Amino acid sequence: MSIKDKPMFTPEDWGLTEKQANLATQARELGQSKFAGRAERYDREAIFPTENYEDLRDEGLLGVCIPEQFGGMGADFKTYMLTAAEIGRYCGATALTFNMHVSSCLWTGFLADQLPMDDDVRAEHEKYRTHHYARILNEGAIYAQPFSEGGAAAAGFKAFGTTALRTEKGWIINGKKIFASLSGHANYYGALCSEIKTPDEEPSRRHTMYIAVPNDAEGVSVVGDWDPLGMRGTVSRTLIFKDVFVPFEEQLMPRGIYFSAAQKWPHMFMTLTPSYMGIAQAAYDFTVKYLRGEIEGMPPVKRRMYPTKQLAVAQMRLMLEQTKAIWFQSISEARPEPSKDALLRAWSAQYTVMENANEISQLAIRTCGGQSMLRSLPLERLYRDSRCGSLMLPWTAELCMDKLGKGALYEDGETDDA
């Protein structure tokens, strides 16, 4: 029987609440006992982690961010991030796709509750989310969140090309989403799209809609293959919407609320990072166990006495501690309309997690040596999965650097015009 892994963030050292500690423990124990043993097959065959989602449903974790008054676990932003990091430690693809599902609840729950809405809009929002939360809790429904379209929309620079034409009884959805995680496996696609009143109207970012499209609606199709470098278990095939009718009650947020959330709650775009924070921890954990001769199924040969190995582990530990520290600080100060320094820190944390997860994985492979290249060990998968993090919109590594440079040198409204 394997020894239980220690928490990534020990409650007493990091000042966790009881709920944070309990949910992180639940995720860690589930990940170690169930997810870790399945991760290799999901990766090798590029198949969706269906069994893991059955376990998440049975554990009640599909409703982790559904507010308690609706019957969910009521996790706030920070609590969810800590919980998801423990999942990413054992299966990055599960954590990454789980984020797409949970964001449908986090954005409409904890985040939306802190956004200004008049009474009528708030009542409309309550009606919508009651409808969606009941599906998740009572039917085990899985929600996806198709975002990318191959252009600048997912980075927040222009309106989404996927459109929602308003009609008398609902919306007509048309468009294409690429890298659409959970394609063919989610029950509902929480599509971000631009509201239009006529087919030839120019879309506007301000009119972004967030609408749940049933996977079996007429006009919905999933196309293309999925054979990427890493995160193969996300099965992020291309999603097509062709004249898909969706009634008004399938909205996930009232009109205008997603745009408000994106403006006021920028930390909402950090929810991809827990997967990679978990991968960084996993690469370090494996290296320590390997050098101590504690890997299950392998001879108990110790390699820890060599100075070169000790130095490498010291480098990994230093990088891991730096990464955890800035990430924890950033998720701790997430709130509506954060200060400029907090926003700069969020971009710094995003960049640090995504880049350092891969750097730690590289060091792990070099330190553990030739056997680490084998697929019978997890390091080569962790390396491939971690390389994908810097590419993730809307805050890719390049965009984070761009935002940091401009944010440090310019105040709001400043230009270089004479």
# chains A, B, ... in the order shown; residues from 1 in each chain; ligands from 1
call {"tool": "select_by_dssp", "arguments": {"residues": "stretch 56-227 of chain A", "states": "helix (DSSP H, G or I)", "output": "number ranges by chain"}}
result
A: 56-58, 61-63, 68-70, 77-88, 92-114, 119-139, 205-207
call {"tool": "closest_atom_pairs", "arguments": {"of": "stretch 300-413 of chain A", "to": "stretch 34-37 of chain A", "cutoff": "12 Å", "atoms": "only C-alpha atoms", "output": "JSON lines"}}
result
{"residue": "A:Ser376", "atom": "CA", "partner": "A:Gly37", "partner_atom": "CA", "distance": 11.1}
{"residue": "A:Leu377", "atom": "CA", "partner": "A:Gly37", "partner_atom": "CA", "distance": 11.0}
{"residue": "A:Pro378", "atom": "CA", "partner": "A:Ala36", "partner_atom": "CA", "distance": 9.3}
{"residue": "A:Arg381", "atom": "CA", "partner": "A:Ala36", "partner_atom": "CA", "distance": 11.9}
{"residue": "A:Leu382", "atom": "CA", "partner": "A:Ala36", "partner_atom": "CA", "distance": 11.8}
call {"tool": "residues_around", "arguments": {"residues": "stretch 185-200 of chain A", "least_positions_apart": "6", "cutoff": "6 Å", "atoms": "only C-alpha atoms", "output": "list in words"}}
result
Ala141, Ile142, Tyr143, Ala144, Gln145, Pro146, Phe160, Thr162, Thr163, Ala164, Leu165, Arg166, His207, Thr208, Met209, Tyr210, Ile211, Ala212, Val213, Pro214 and Asn215 of chain A
call {"tool": "residues_around", "arguments": {"residues": "A:Glu45", "least_positions_apart": "5", "cutoff": "12 Å", "atoms": "only C-alpha atoms", "output": "list in words"}}
result
Arg38, Ala39, Glu40, Trp226, Asp227, Pro228, Gly230, Met231, Arg232, Gly233, Thr234 and Val235 of chain A
call {"tool": "closest_residue", "arguments": {"among": "A:Leu30, A:Ala112, A:Leu409, A:Ala397", "to": "A:Thr273", "atoms": "only C-alpha atoms"}}
result
A:Ala397
call {"tool": "closest_atom_pairs", "arguments": {"of": "stretch 200-310 of chain A", "to": "stretch 120-138 of chain A", "cutoff": "8 Å", "atoms": "only C-alpha atoms", "output": "JSON lines"}}
result
{"residue": "A:Glu249", "atom": "CA", "partner": "A:Tyr128", "partner_atom": "CA", "distance": 6.1}
{"residue": "A:Glu250", "atom": "CA", "partner": "A:Tyr128", "partner_atom": "CA", "distance": 7.1}
{"residue": "A:Gln251", "atom": "CA", "partner": "A:Tyr128", "partner_atom": "CA", "distance": 6.4}
{"residue": "A:Leu252", "atom": "CA", "partner": "A:Tyr128", "partner_atom": "CA", "distance": 6.1}
{"residue": "A:Met253", "atom": "CA", "partner": "A:His125", "partner_atom": "CA", "distance": 6.0}
{"residue": "A:Pro254", "atom": "CA", "partner": "A:His125", "partner_atom": "CA", "distance": 5.9}
call {"tool": "atom_distance", "arguments": {"atom1": "atom CA of A:Glu398", "atom2": "atom CA of A:Glu355"}}
result
10.8 Å
call {"tool": "closest_residue", "arguments": {"among": "A:Pro49, A:Gly278, A:Pro67, A:Pro338", "to": "A:Ala85", "atoms": "only C-alpha atoms"}}
result
A:Gly278
